[in-house]
Amino acid sequence: MGREGESAAFHVRYFELDRGGYTSLETHSHIHLVIGARGKGKVIADDKIYDFGVFDVIYIGPDVPHQFINDGEEPFGFFCIVDAERDDSKPLTKKEIEEILKNPGLRGHLKLPEG
């Protein structure tokens with residue numbers, strides 16, 4: 001919603017991750033409001049990990065590193081509501097990743113690019 005000229009200051013997007021799928025570990029200056037719609041998975045926000053399922057809601061604030069991971073057996077779908085005017089995603093620096101990995105509970109869950 002919002003891309004066809006509707007009078008909205010936000011966009012509603014739907015994402016679906018196949019079994020074992022995940023989003024990039026990234027940050028933005030804009031906020032996200034995410035609502036679970038299908039299946040279950042994990043959400044990493046900053047240095048914390050949350051179980052996330054249908055009708056769960058999470059607010060991801062500005063510049064908070066985040067990643068969505070499907071660790072279930074079926075597709076993991078969620079609605080992501082963001083400002084219509086927003087910045088591009090920024091991958092984390094090596095130093096930022098090292099900081100997140102200080103939480104040993106994330107090491108088995110976080111999905112990092114190879115290299």
# chains A, B, ... in the order shown; residues from 1 in each chain; ligands from 1
$ residues_around --residues "range 42-46 of chain A" --least-positions-apart "2" --cutoff "8 Å" --atoms "only C-alpha atoms" --output "list in words"
Lys40, Lys48, Ile49, Tyr50, Asp51, Phe52, Ile60, Val64, Pro65, His66, Gln67, Phe68, Ile69, Asn70, Asp71, Ile100 and Leu110 of chain A
$ residues_around --residues "Ile31 in chain A" --least-positions-apart "4" --cutoff "7 Å" --atoms "only C-alpha atoms" --output "mmCIF file with C-alpha atoms, in the first residue's frame"
data_model
loop_
_atom_site.group_PDB
_atom_site.id
_atom_site.type_symbol
_atom_site.label_atom_id
_atom_site.label_comp_id
_atom_site.auth_asym_id
_atom_site.auth_seq_id
_atom_site.Cartn_x
_atom_site.Cartn_y
_atom_site.Cartn_z
ATOM 1 C CA ILE A 60 12.328 -1.964 15.553
ATOM 2 C CA GLY A 61 13.640 1.492 16.270
ATOM 3 C CA PRO A 62 15.943 3.670 14.211
ATOM 4 C CA VAL A 82 7.619 1.516 7.303
#
$ residues_around --residues "range 4-15 of chain A" --least-positions-apart "4" --cutoff "8 Å" --atoms "only C-alpha atoms" --output "JSON, numbers by chain"
{"A": [77, 78, 79, 80, 81, 82, 83, 84, 85]}
$ closest_residue --among "A:Arg38, A:Lys111, A:Thr23, A:His32" --to "Glu74 in chain A" --atoms "only C-alpha atoms"
A:Arg38
$ select_by_dssp --residues "chain A" --states "strand (DSSP E or B)" --output "ChimeraX atom specification"
/A:10-17,22,26-27,32-38,40-45,48-53,57-60,66-69,76-83,90-91
$ select_by_dssp --residues "chain A" --states "helix (DSSP H, G or I)" --output "PyMOL selection string"
chain A and resi 94-100+104-106
$ atom_distance --atom1 "CA of Pro104 in chain A" --atom2 "CA of Leu25 in chain A"
16.8 Å
$ atom_distance --atom1 "CA of Lys90 in chain A" --atom2 "CA of Glu26 in chain A"
5.4 Å
$ closest_residue --among "A:Asp56, A:Ser24, A:His30, A:Gly105" --to "Asp87 in chain A" --atoms "only C-alpha atoms"
A:His30
$ closest_residue --among "A:Gly53, A:Pro91, A:Gly41, A:Gly36" --to "His109 in chain A" --atoms "only C-alpha atoms"
A:Gly41
$ atom_distance --atom1 "CA of Tyr59 in chain A" --atom2 "CA of Leu33 in chain A"
4.7 Å
$ closest_residue --among "A:Ser29, A:Lys94, A:Leu101, A:Asp18" --to "Asp47 in chain A" --atoms "only C-alpha atoms"
A:Leu101
$ closest_residue --among "A:Glu16, A:His28, A:Gly21, A:Lys102" --to "Arg86 in chain A" --atoms "only C-alpha atoms"
A:His28
